[in-house]
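Coordinates from entry.txt are shown below (compact mmCIF, C-alpha atoms and all ligand atoms).
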```
# COMPACT_ATOMS: atom_id res chain seq x y z
CA MET A 211 8.33 118.89 -113.23
CA PRO A 212 11.93 119.03 -114.57
CA LEU A 213 13.18 115.73 -116.01
CA SER A 214 15.85 115.45 -113.34
CA LYS A 215 13.22 115.54 -110.60
CA ARG A 216 10.96 112.80 -111.96
CA LYS A 217 11.07 109.39 -110.26
CA ARG A 218 12.98 106.94 -112.46
CA LEU A 219 11.84 103.34 -112.93
CA ARG A 220 14.80 101.75 -111.12
CA ASP A 221 14.45 104.09 -108.10
CA PHE A 222 10.67 103.61 -107.92
CA LEU A 223 11.05 99.82 -107.93
CA TYR A 224 13.63 100.09 -105.14
CA ASP A 225 11.24 102.28 -103.09
CA GLN A 226 8.51 99.65 -103.67
CA GLY A 227 10.75 97.02 -102.07
CA VAL A 228 11.19 95.04 -105.30
CA ASP A 229 14.18 92.69 -104.99
CA GLY A 230 17.35 93.48 -106.89
CA ALA A 231 17.07 90.68 -109.46
CA LEU A 232 13.47 91.57 -110.38
CA ARG A 233 14.40 95.26 -110.55
CA GLY A 234 17.24 94.36 -112.88
CA LEU A 235 14.97 92.18 -115.02
CA ILE A 236 12.29 94.87 -115.41
CA ASN A 237 14.97 97.41 -116.30
CA GLU A 238 16.47 95.06 -118.89
CA ILE A 239 13.03 94.78 -120.52
CA GLY A 240 12.86 98.56 -120.44
CA GLU A 241 16.23 98.76 -122.18
CA ALA A 242 15.07 96.29 -124.86
CA SER A 243 11.91 98.35 -125.42
CA LYS A 244 14.02 101.41 -126.26
CA TYR A 245 15.64 99.50 -129.12
CA ILE A 246 12.24 98.21 -130.25
CA SER A 247 10.87 101.75 -130.20
CA TYR A 248 13.80 102.83 -132.39
CA ALA A 249 13.29 99.80 -134.68
CA ILE A 250 9.61 100.71 -135.18
CA ASP A 251 10.71 104.15 -136.38
CA THR A 252 13.48 102.89 -138.66
CA THR A 253 12.98 99.27 -139.77
CA SER A 254 11.39 98.35 -143.10
CA LEU A 255 7.77 97.28 -142.80
CA GLY A 256 8.14 94.29 -145.04
CA TYR A 257 7.94 90.59 -144.31
CA SER A 258 11.01 88.74 -143.15
CA GLY A 259 10.33 85.76 -145.38
CA SER A 260 9.95 83.51 -142.32
CA VAL A 261 6.88 82.21 -140.50
CA ASN A 262 6.37 81.72 -136.79
CA VAL A 263 5.44 78.43 -135.16
CA TYR A 264 1.76 79.03 -135.97
CA GLY A 265 2.52 79.40 -139.67
CA GLU A 266 1.93 83.16 -139.49
CA LYS A 267 4.17 85.26 -141.73
CA GLN A 268 6.66 87.25 -139.67
CA LEU A 269 7.37 90.88 -140.31
CA ALA A 270 11.00 91.95 -140.19
CA LEU A 271 9.94 93.89 -137.11
CA ASP A 272 8.55 90.76 -135.43
CA VAL A 273 11.87 88.96 -135.87
CA LEU A 274 13.98 91.95 -134.86
CA SER A 275 11.87 92.69 -131.77
CA ASP A 276 12.10 89.06 -130.72
CA GLU A 277 15.89 89.08 -131.16
CA ILE A 278 16.21 92.27 -129.11
CA VAL A 279 14.20 90.95 -126.15
CA SER A 280 15.69 87.44 -126.29
CA GLU A 281 19.27 88.75 -126.30
CA LYS A 282 18.66 91.22 -123.47
CA LEU A 283 16.96 88.62 -121.29
CA GLY A 284 19.42 85.91 -122.25
CA MET A 285 22.48 87.91 -121.30
CA CYS A 286 21.19 89.54 -118.09
CA GLY A 287 22.03 86.56 -115.85
CA ILE A 288 18.63 86.71 -114.12
CA VAL A 289 16.45 84.62 -116.44
CA LYS A 290 16.35 80.82 -116.18
CA ASN A 291 13.91 80.12 -119.00
CA MET A 292 12.06 82.24 -121.49
CA ALA A 293 9.38 81.65 -124.09
CA SER A 294 8.52 84.00 -126.94
CA GLU A 295 5.36 83.95 -129.02
CA GLU A 296 7.68 84.21 -132.02
CA GLN A 297 9.77 81.15 -131.20
CA GLU A 298 8.98 77.44 -131.24
CA ASN A 299 10.60 76.24 -128.04
CA ILE A 300 11.16 77.47 -124.54
CA ASN A 301 14.64 78.89 -124.67
CA SER A 302 16.85 77.58 -121.92
CA ALA A 303 20.05 78.30 -123.80
CA PHE A 304 20.98 80.97 -121.35
CA LEU A 305 20.20 78.86 -118.32
CA SER A 306 21.68 81.05 -115.65
CA GLU A 307 22.57 80.20 -112.05
CA PRO A 308 20.79 80.96 -109.83
CA GLY A 309 18.44 82.59 -112.42
CA GLU A 310 15.61 83.59 -110.14
CA TYR A 311 12.98 84.25 -112.81
CA SER A 312 11.44 82.95 -116.05
CA VAL A 313 9.65 84.99 -118.69
CA CYS A 314 6.92 84.61 -121.30
CA PHE A 315 6.68 87.42 -123.80
CA ASP A 316 5.10 88.66 -127.00
CA PRO A 317 7.83 90.91 -128.38
CA LEU A 318 5.62 92.97 -130.68
CA ASP A 319 1.90 92.33 -130.43
CA GLY A 320 -0.18 93.88 -133.21
CA SER A 321 2.90 94.36 -135.40
CA SER A 322 0.75 94.34 -138.55
CA LEU A 323 -0.61 97.73 -137.38
CA VAL A 324 2.76 99.48 -137.68
CA ASP A 325 2.38 99.98 -141.42
CA VAL A 326 -0.83 101.95 -140.83
CA ASN A 327 0.86 103.91 -138.05
CA LEU A 328 -1.26 102.56 -135.20
CA ALA A 329 0.06 101.74 -131.73
CA VAL A 330 1.58 98.34 -130.90
CA GLY A 331 3.09 96.78 -127.81
CA THR A 332 5.36 94.33 -125.99
CA ILE A 333 3.75 92.05 -123.38
CA VAL A 334 5.72 90.30 -120.61
CA SER A 335 4.85 87.83 -117.84
CA ILE A 336 7.42 87.14 -115.10
CA TYR A 337 7.35 83.94 -113.00
CA PRO A 338 9.58 82.86 -110.11
CA GLY A 339 12.00 80.00 -110.74
CA LYS A 340 12.24 78.02 -113.96
CA GLN A 341 8.73 76.64 -114.55
CA LEU A 342 6.87 78.47 -117.32
CA VAL A 343 3.77 76.44 -118.25
CA ARG A 344 1.74 77.28 -115.14
CA PRO A 345 -1.34 79.32 -114.13
CA GLY A 346 -1.06 83.07 -114.47
CA ARG A 347 -1.85 83.57 -110.78
CA GLU A 348 1.76 82.50 -110.08
CA GLN A 349 3.22 85.57 -111.80
CA VAL A 350 5.30 87.84 -109.55
CA ALA A 351 5.04 90.77 -111.97
CA ALA A 352 3.74 91.59 -115.44
CA LEU A 353 4.25 94.52 -117.76
CA TYR A 354 3.55 95.88 -121.18
CA VAL A 355 5.21 98.57 -123.27
CA LEU A 356 2.97 100.67 -125.51
CA TYR A 357 4.62 102.23 -128.57
CA GLY A 358 2.19 105.05 -129.31
CA PRO A 359 2.47 108.87 -129.50
CA ARG A 360 4.49 108.32 -126.32
CA THR A 361 6.33 105.16 -125.36
CA THR A 362 5.00 104.04 -121.99
CA MET A 363 5.60 101.03 -119.78
CA VAL A 364 2.86 99.81 -117.43
CA VAL A 365 4.24 97.63 -114.64
CA GLY A 366 1.99 95.41 -112.51
CA LEU A 367 3.44 94.45 -109.12
CA PRO A 368 1.49 92.75 -106.32
CA SER A 369 1.49 96.15 -104.59
CA GLY A 370 0.10 98.18 -107.50
CA VAL A 371 0.02 99.13 -111.19
CA HIS A 372 2.16 102.04 -112.34
CA GLU A 373 2.85 103.74 -115.68
CA PHE A 374 6.27 105.06 -116.71
CA SER A 375 6.95 107.24 -119.74
CA LEU A 376 10.12 107.21 -121.84
CA ASP A 377 11.49 110.72 -121.55
CA ALA A 378 13.66 112.85 -123.83
CA VAL A 379 16.89 111.54 -122.31
CA GLY A 380 15.90 107.88 -122.64
CA SER A 381 14.80 107.21 -119.06
CA TYR A 382 11.50 105.69 -117.97
CA THR A 383 10.03 108.03 -115.36
CA LEU A 384 6.86 107.65 -113.30
CA SER A 385 3.85 109.21 -115.05
CA ARG A 386 0.83 107.48 -113.42
CA PRO A 387 1.29 105.84 -109.99
CA ASP A 388 -1.16 103.35 -108.52
CA ILE A 389 -3.64 103.02 -111.41
CA LYS A 390 -7.11 101.83 -110.37
CA MET A 391 -10.13 100.42 -112.25
CA LYS A 392 -13.68 101.48 -111.37
CA ASP A 393 -16.24 98.70 -110.97
CA VAL A 394 -18.06 99.87 -114.11
CA GLY A 395 -17.11 101.87 -117.21
CA ASN A 396 -18.60 103.14 -120.48
CA ILE A 397 -16.31 101.92 -123.28
CA TYR A 398 -16.01 98.50 -124.90
CA SER A 399 -13.43 97.02 -127.27
CA PRO A 400 -14.98 94.03 -129.15
CA GLY A 401 -12.51 91.84 -131.07
CA GLY A 402 -13.49 89.39 -133.76
CA SER A 403 -16.08 89.50 -136.54
CA ARG A 404 -19.71 90.00 -135.54
CA ASN A 405 -20.89 87.37 -138.01
CA GLN A 406 -18.82 84.84 -136.08
CA TYR A 407 -20.25 85.74 -132.66
CA LEU A 408 -21.89 82.95 -130.66
CA PRO A 409 -25.47 83.83 -129.58
CA ALA A 410 -24.72 84.62 -125.93
CA HIS A 411 -21.74 86.82 -126.83
CA LYS A 412 -23.86 88.67 -129.38
CA ASP A 413 -26.52 89.26 -126.72
CA PHE A 414 -23.82 90.49 -124.34
CA ILE A 415 -22.40 92.98 -126.86
CA ASP A 416 -25.92 94.14 -127.72
CA SER A 417 -26.58 94.71 -124.00
CA LEU A 418 -23.57 97.04 -123.83
CA LEU A 419 -24.82 98.91 -126.90
CA ALA A 420 -28.25 99.23 -125.26
CA ASP A 421 -26.50 100.81 -122.27
CA ASN A 422 -24.78 103.37 -124.55
CA TYR A 423 -21.25 102.01 -124.19
CA LYS A 424 -18.89 103.69 -126.67
CA LEU A 425 -16.93 101.47 -129.08
CA ARG A 426 -13.16 101.88 -128.88
CA TYR A 427 -11.23 99.36 -131.03
CA SER A 428 -7.91 99.65 -132.90
CA GLY A 429 -7.07 95.97 -133.47
CA GLY A 430 -4.12 96.11 -131.08
CA PHE A 431 -4.60 94.32 -127.75
CA VAL A 432 -2.06 96.52 -125.96
CA PRO A 433 -3.46 99.95 -126.93
CA ASP A 434 -7.05 98.75 -126.67
CA PHE A 435 -6.54 97.29 -123.19
CA ASN A 436 -4.44 100.30 -122.16
CA GLN A 437 -7.34 102.61 -123.05
CA VAL A 438 -9.72 100.64 -120.79
CA LEU A 439 -7.16 100.67 -117.97
CA MET A 440 -6.25 104.35 -118.26
CA LYS A 441 -9.87 105.49 -118.69
CA GLY A 442 -10.43 103.56 -115.45
CA GLY A 443 -13.26 101.38 -116.71
CA GLY A 444 -14.96 99.44 -119.49
CA LEU A 445 -14.20 96.15 -121.19
CA PHE A 446 -11.98 94.58 -123.83
CA THR A 447 -13.04 91.23 -125.23
CA TYR A 448 -11.79 88.76 -127.78
CA PRO A 449 -14.36 85.98 -127.40
CA ALA A 450 -14.81 82.40 -128.49
CA LEU A 451 -16.07 82.60 -132.08
CA LYS A 452 -17.82 80.10 -134.38
CA ASN A 453 -14.60 79.86 -136.41
CA ALA A 454 -12.28 80.18 -133.39
CA PRO A 455 -13.77 78.35 -130.38
CA ASN A 456 -10.79 79.34 -128.19
CA GLY A 457 -10.66 82.91 -129.43
CA LYS A 458 -7.46 84.39 -130.87
CA LEU A 459 -5.29 85.65 -128.01
CA ARG A 460 -2.63 83.47 -126.38
CA LEU A 461 -3.08 82.69 -122.70
CA MET A 462 0.62 82.59 -121.78
CA PHE A 463 1.92 85.37 -124.06
CA GLU A 464 -0.93 87.90 -123.96
CA CYS A 465 -3.86 87.19 -121.61
CA ASN A 466 -2.06 86.28 -118.37
CA ALA A 467 0.03 89.45 -118.18
CA MET A 468 -2.98 91.74 -118.73
CA ALA A 469 -5.11 89.69 -116.35
CA PHE A 470 -2.50 90.08 -113.60
CA ILE A 471 -2.32 93.84 -114.20
CA VAL A 472 -6.08 94.39 -114.32
CA GLU A 473 -6.71 92.41 -111.11
CA VAL A 474 -4.07 94.35 -109.18
CA ALA A 475 -5.75 97.54 -110.47
CA GLY A 476 -9.13 96.32 -109.13
CA GLY A 477 -10.63 94.88 -112.31
CA ALA A 478 -11.28 91.34 -113.52
CA ALA A 479 -10.33 89.00 -116.37
CA SER A 480 -12.23 85.90 -117.42
CA ASN A 481 -12.42 83.46 -120.31
CA GLY A 482 -16.19 83.75 -119.98
CA LYS A 483 -16.42 80.91 -117.49
CA GLN A 484 -13.45 81.22 -115.15
CA ARG A 485 -10.75 83.61 -113.98
CA ILE A 486 -7.98 83.85 -116.58
CA LEU A 487 -5.30 83.58 -113.88
CA ASP A 488 -6.70 80.22 -112.70
CA ILE A 489 -6.58 78.54 -116.11
CA GLU A 490 -4.25 75.53 -116.06
CA PRO A 491 -2.44 75.85 -119.40
CA GLU A 492 -2.58 72.69 -121.57
CA SER A 493 0.35 74.03 -123.60
CA ILE A 494 2.39 77.20 -123.84
CA GLU A 495 0.75 78.20 -127.11
CA MET A 496 -2.88 77.69 -126.06
CA ARG A 497 -5.40 80.36 -126.94
CA SER A 498 -8.14 81.66 -124.64
CA PRO A 499 -11.24 83.78 -125.01
CA ILE A 500 -10.91 86.89 -122.82
CA TYR A 501 -13.25 89.38 -121.16
CA ILE A 502 -11.08 91.90 -119.29
CA GLY A 503 -11.80 95.22 -117.60
CA SER A 504 -14.22 96.43 -114.94
CA LYS A 505 -15.70 93.85 -112.61
CA LYS A 506 -19.34 94.59 -113.45
CA GLU A 507 -18.87 94.13 -117.22
CA VAL A 508 -16.91 90.91 -116.78
CA ALA A 509 -19.56 89.57 -114.39
CA ARG A 510 -22.31 90.51 -116.86
CA ALA A 511 -20.53 88.58 -119.62
CA GLU A 512 -20.09 85.49 -117.42
CA LYS A 513 -23.75 85.61 -116.36
CA MET A 514 -25.11 85.90 -119.92
CA LEU A 515 -22.77 83.19 -121.22
CA ALA A 516 -23.81 80.87 -118.37
CA GLU A 517 -27.52 81.51 -119.06
CA GLN A 518 -26.93 80.56 -122.71
CA VAL A 519 -25.30 77.30 -121.69
CA SER A 520 -28.12 76.44 -119.28
CA SER A 521 -30.77 77.19 -121.93
CA ASP A 522 -28.99 75.13 -124.64
P1 LIG B 1 -1.29 90.54 -134.82
O1 LIG B 1 -0.23 90.49 -133.76
O2 LIG B 1 -1.29 89.36 -135.73
O3 LIG B 1 -1.37 91.85 -135.54
O4 LIG B 1 -2.68 90.39 -134.04
C1 LIG B 1 -2.92 91.31 -133.01
C2 LIG B 1 -3.91 90.62 -132.08
O5 LIG B 1 -3.39 89.40 -131.66
C3 LIG B 1 -4.25 91.49 -130.87
O6 LIG B 1 -3.29 92.45 -130.62
C4 LIG B 1 -5.58 92.11 -131.23
O7 LIG B 1 -6.41 92.36 -130.11
C5 LIG B 1 -6.21 91.07 -132.15
O8 LIG B 1 -5.13 90.40 -132.79
C6 LIG B 1 -7.08 91.71 -133.21
O9 LIG B 1 -7.61 90.66 -133.97
P2 LIG B 1 -8.65 91.00 -135.13
O10 LIG B 1 -7.83 91.65 -136.20
O11 LIG B 1 -9.22 89.67 -135.51
O12 LIG B 1 -9.68 91.92 -134.54
```
Encoded form using structure tokens:
Amino acid sequence: MPLSKRKRLRDFLYDQGVDGALRGLINEIGEASKYISYAIDTTSLGYSGSVNVYGEKQLALDVLSDEIVSEKLGMCGIVKNMASEEQENINSAFLSEPGEYSVCFDPLDGSSLVDVNLAVGTIVSIYPGKQLVRPGREQVAALYVLYGPRTTMVVGLPSGVHEFSLDAVGSYTLSRPDIKMKDVGNIYSPGGSRNQYLPAHKDFIDSLLADNYKLRYSGGFVPDFNQVLMKGGGLFTYPALKNAPNGKLRLMFECNAMAFIVEVAGGAASNGKQRILDIEPESIEMRSPIYIGSKKEVARAEKMLAEQVSSD
């Protein structure tokens, strides 16, 4: 199909009945992602000399990506509050009136993979109003951008999950409408070190192996989850570990957005005990174990973890 005939992001959102402010916000994030995509190709891969609020060294790319998203969102006149995984405080500096939405984002998740030329991503949760520390079920939209062989944006709306691809003239155009998850798949993406697995999680992973699930793991949450979503089934997990009882991934900056997307697509997302989207966040930086993908795999994990607890 000629480029000029493909459905552009802004037009598709309009056809989906998305309100003007939310359309504008999603497009602003799309604009920011174009600069991040360019920065990945051109910025040095060294460290910036700074650390984030968790004491983790920041790559120059981490800082630059965060600046790009923060400036775009701050100046768009739509965002009331925003929180970045790379910044210490919720940023209300651009408090805008009426500012219909607030945003949590991870500007460049998996950034340490850029220097080995693996795919990385931007993850965004969008909430109505100004409150940010709240359950993920209150999101009105969520999206991620995947910087891989192609740059794609997957947008989760209450009405459906849709993929857009960045084309040769710099427009996001619809490439996969209405993405759906099957109830069961055949790939699994197991984060964390096996020697740190808790017994029930080890039994769960071994049960997938026994059922001939194929291992697909790059170390990047965005590409690894995207593979499960686009293959239509399977499971990504980053569990509670002996040395990390709450896992590694951040609830507000990483898990909630993907959980919203996977549920709209017909899948499920759990911390092993409860639905990710129902977790009441204790703080904006809290971590959560995650089992996300097809319903049957998530249910199997919850069942095996519960049996472990009852037998303890
Ligand atoms: P970085 O953003 O520090 O590279 O971590 C990426 C990540 O948070 C997530 O994208 C991966 O799923 C997970 O870490 C991989 O962690 P392991 O390296 O422990 O498997």
task = Find the residues near Gly482 (chain A): any atom within 10 Å, counting all atoms listed in the file, skip ones fewer than 2 places away on the same chain, and give them as JSON, numbers by chain.
result = {"A": [411, 447, 449, 450, 479, 480, 484, 485, 486, 498, 499, 500, 501, 502, 508, 509, 510, 511, 512, 513, 514, 515, 516]}
Distance table requested - chain A against ligand LIG 1 (chain B), cut-off 7 Å, all atoms listed in the file: one row per qualifying residue with the closest atom pair and its distance in Å to one decimal, ordered by chain and rising residue number, as JSON lines.
```
{"residue": "A:Asp319", "atom": "CA", "partner": "B:LIG1", "partner_atom": "O1", "distance": 4.4}
{"residue": "A:Gly320", "atom": "CA", "partner": "B:LIG1", "partner_atom": "O3", "distance": 3.3}
{"residue": "A:Ser321", "atom": "CA", "partner": "B:LIG1", "partner_atom": "O3", "distance": 5.0}
{"residue": "A:Ser322", "atom": "CA", "partner": "B:LIG1", "partner_atom": "O3", "distance": 4.4}
{"residue": "A:Leu323", "atom": "CA", "partner": "B:LIG1", "partner_atom": "O3", "distance": 6.2}
{"residue": "A:Gly401", "atom": "CA", "partner": "B:LIG1", "partner_atom": "O12", "distance": 4.5}
{"residue": "A:Gly402", "atom": "CA", "partner": "B:LIG1", "partner_atom": "O11", "distance": 4.6}
{"residue": "A:Ser403", "atom": "CA", "partner": "B:LIG1", "partner_atom": "O11", "distance": 6.9}
{"residue": "A:Gly429", "atom": "CA", "partner": "B:LIG1", "partner_atom": "C6", "distance": 4.3}
{"residue": "A:Gly430", "atom": "CA", "partner": "B:LIG1", "partner_atom": "O6", "distance": 3.8}
{"residue": "A:Phe431", "atom": "CA", "partner": "B:LIG1", "partner_atom": "O7", "distance": 3.6}
{"residue": "A:Val432", "atom": "CA", "partner": "B:LIG1", "partner_atom": "O6", "distance": 6.3}
{"residue": "A:Tyr448", "atom": "CA", "partner": "B:LIG1", "partner_atom": "O7", "distance": 6.9}
{"residue": "A:Lys458", "atom": "CA", "partner": "B:LIG1", "partner_atom": "O5", "distance": 6.5}
{"residue": "A:Leu459", "atom": "CA", "partner": "B:LIG1", "partner_atom": "O5", "distance": 5.6}
```
task = Using all atoms listed in the file, find the one residue out of A:Leu318, A:Ile278, A:Met211, A:Ala352 that sits nearest to Phe470 (chain A).
result =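 The closest residue to Phe470 (chain A) is A:Ala352.
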message = Is it possible to get the residues within 12 Å of (-6.6, 102.8, -123.7) (coordinates as in the file, counting only C-alpha atoms) written as a ChimeraX atom specification?
response = /A:329-330,356,358,362,364,397-399,425-446,503
task = Tell me, in Å to one decimal, how far CA of Asp225 (chain A) is from CA of Ser369 (chain A).
result =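 For CA of Asp225 (chain A) relative to CA of Ser369 (chain A), the distance reads 11.6 Å.
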key: Residue list as a ChimeraX atom specification for point (10.5, 104.6, -112.2), cut-off 8 Å, only C-alpha atoms   = /A:217-223,374,382-384
inquiry  = At a cut-off of 10 Å, using all atoms listed in the file, what residues contact Val474 (chain A)? Leave out same-chain residues fewer than 5 positions from it and give the result as a PyMOL selection string.
reply    = chain A and resi 366-371+388-391+468-469
ask   = region 228-231 of chain A: which residues within 9 Å, counting all atoms listed in the file, same-chain residues fewer than 2 positions away excluded, as a PyMOL selection string?
value = chain A and resi 222-226+233-236+288+309-311+367
query = Any idea what the distance is between CA of Ser417 (chain A) and CA of Glu507 (chain A)?
reply =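 Result for CA of Ser417 (chain A) versus CA of Glu507 (chain A): 10.3 Å, one decimal.
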request  = Give me, please, the distance in Å between CA of Ser493 (chain A) and CA of Glu281 (chain A), quoted to one decimal.
outcome  =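 Going from CA of Ser493 (chain A) over to CA of Glu281 (chain A), I get 24.1 Å.
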Selection: 12 Å around Ala420 (chain A), all atoms listed in the file, excl. self and same-chain fewer than 6 positions, as a VMD selection string = chain A and resid 396 413 to 414
How would region 505-514 of chain A read, as a CSV table (one decimal), in the frame of the given file, once all heavy atoms are built in?
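So the final result, stored in result10.csv, reads:
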```csv
chain,number,residue,atom,x,y,z
A,505,LYS,N,-15.1,95.1,-113.2
A,505,LYS,CA,-15.7,93.8,-112.6
A,505,LYS,C,-17.1,93.7,-113.1
A,505,LYS,O,-17.6,92.5,-113.4
A,505,LYS,CB,-15.7,93.9,-111.1
A,505,LYS,CG,-14.3,93.6,-110.5
A,505,LYS,CD,-14.3,93.7,-109.0
A,505,LYS,CE,-12.9,93.3,-108.4
A,505,LYS,NZ,-12.8,93.6,-107.0
A,506,LYS,N,-17.9,94.7,-113.1
A,506,LYS,CA,-19.3,94.6,-113.4
A,506,LYS,C,-19.5,94.1,-114.9
A,506,LYS,O,-20.4,93.2,-115.2
A,506,LYS,CB,-20.1,95.9,-113.3
A,506,LYS,CG,-20.3,96.3,-111.8
A,506,LYS,CD,-21.7,96.7,-111.5
A,506,LYS,CE,-22.1,96.8,-110.1
A,506,LYS,NZ,-21.2,97.6,-109.2
A,507,GLU,N,-18.7,94.6,-115.8
A,507,GLU,CA,-18.9,94.1,-117.2
A,507,GLU,C,-18.4,92.7,-117.4
A,507,GLU,O,-19.1,91.9,-118.1
A,507,GLU,CB,-18.1,95.0,-118.1
A,507,GLU,CG,-18.7,96.4,-118.4
A,507,GLU,CD,-18.3,97.4,-117.4
A,507,GLU,OE1,-17.9,97.1,-116.2
A,507,GLU,OE2,-18.4,98.6,-117.6
A,508,VAL,N,-17.4,92.3,-116.7
A,508,VAL,CA,-16.9,90.9,-116.8
A,508,VAL,C,-18.0,90.0,-116.2
A,508,VAL,O,-18.3,89.0,-116.8
A,508,VAL,CB,-15.5,90.8,-116.1
A,508,VAL,CG1,-15.1,89.3,-116.0
A,508,VAL,CG2,-14.5,91.6,-116.8
A,509,ALA,N,-18.5,90.4,-115.0
A,509,ALA,CA,-19.6,89.6,-114.4
A,509,ALA,C,-20.8,89.5,-115.3
A,509,ALA,O,-21.4,88.4,-115.4
A,509,ALA,CB,-19.9,90.2,-113.0
A,510,ARG,N,-21.1,90.6,-116.0
A,510,ARG,CA,-22.3,90.5,-116.9
A,510,ARG,C,-22.1,89.5,-118.0
A,510,ARG,O,-22.9,88.7,-118.3
A,510,ARG,CB,-22.6,91.9,-117.5
A,510,ARG,CG,-23.8,91.9,-118.4
A,510,ARG,CD,-23.9,93.1,-119.2
A,510,ARG,NE,-24.1,94.4,-118.5
A,510,ARG,CZ,-24.6,95.5,-119.1
A,510,ARG,NH1,-24.9,95.5,-120.4
A,510,ARG,NH2,-24.7,96.6,-118.5
A,511,ALA,N,-20.9,89.5,-118.5
A,511,ALA,CA,-20.5,88.6,-119.6
A,511,ALA,C,-20.6,87.1,-119.1
A,511,ALA,O,-21.3,86.3,-119.8
A,511,ALA,CB,-19.1,88.9,-120.1
A,512,GLU,N,-20.0,86.9,-118.0
A,512,GLU,CA,-20.1,85.5,-117.4
A,512,GLU,C,-21.5,85.1,-117.2
A,512,GLU,O,-21.9,83.9,-117.5
A,512,GLU,CB,-19.3,85.4,-116.1
A,512,GLU,CG,-17.8,85.5,-116.3
A,512,GLU,CD,-17.0,85.4,-115.0
A,512,GLU,OE1,-17.5,85.8,-114.0
A,512,GLU,OE2,-15.9,84.8,-115.0
A,513,LYS,N,-22.4,86.0,-116.7
A,513,LYS,CA,-23.8,85.6,-116.4
A,513,LYS,C,-24.5,85.3,-117.6
A,513,LYS,O,-25.2,84.3,-117.7
A,513,LYS,CB,-24.4,86.8,-115.6
A,513,LYS,CG,-25.9,86.6,-115.2
A,513,LYS,CD,-26.3,87.7,-114.3
A,513,LYS,CE,-27.8,87.5,-113.8
A,513,LYS,NZ,-28.8,87.6,-114.9
A,514,MET,N,-24.4,86.1,-118.7
A,514,MET,CA,-25.1,85.9,-119.9
A,514,MET,C,-24.6,84.7,-120.7
A,514,MET,O,-25.4,83.9,-121.2
A,514,MET,CB,-25.0,87.2,-120.8
A,514,MET,CG,-25.7,88.4,-120.2
A,514,MET,SD,-25.6,89.8,-121.2
A,514,MET,CE,-26.9,89.4,-122.5
```
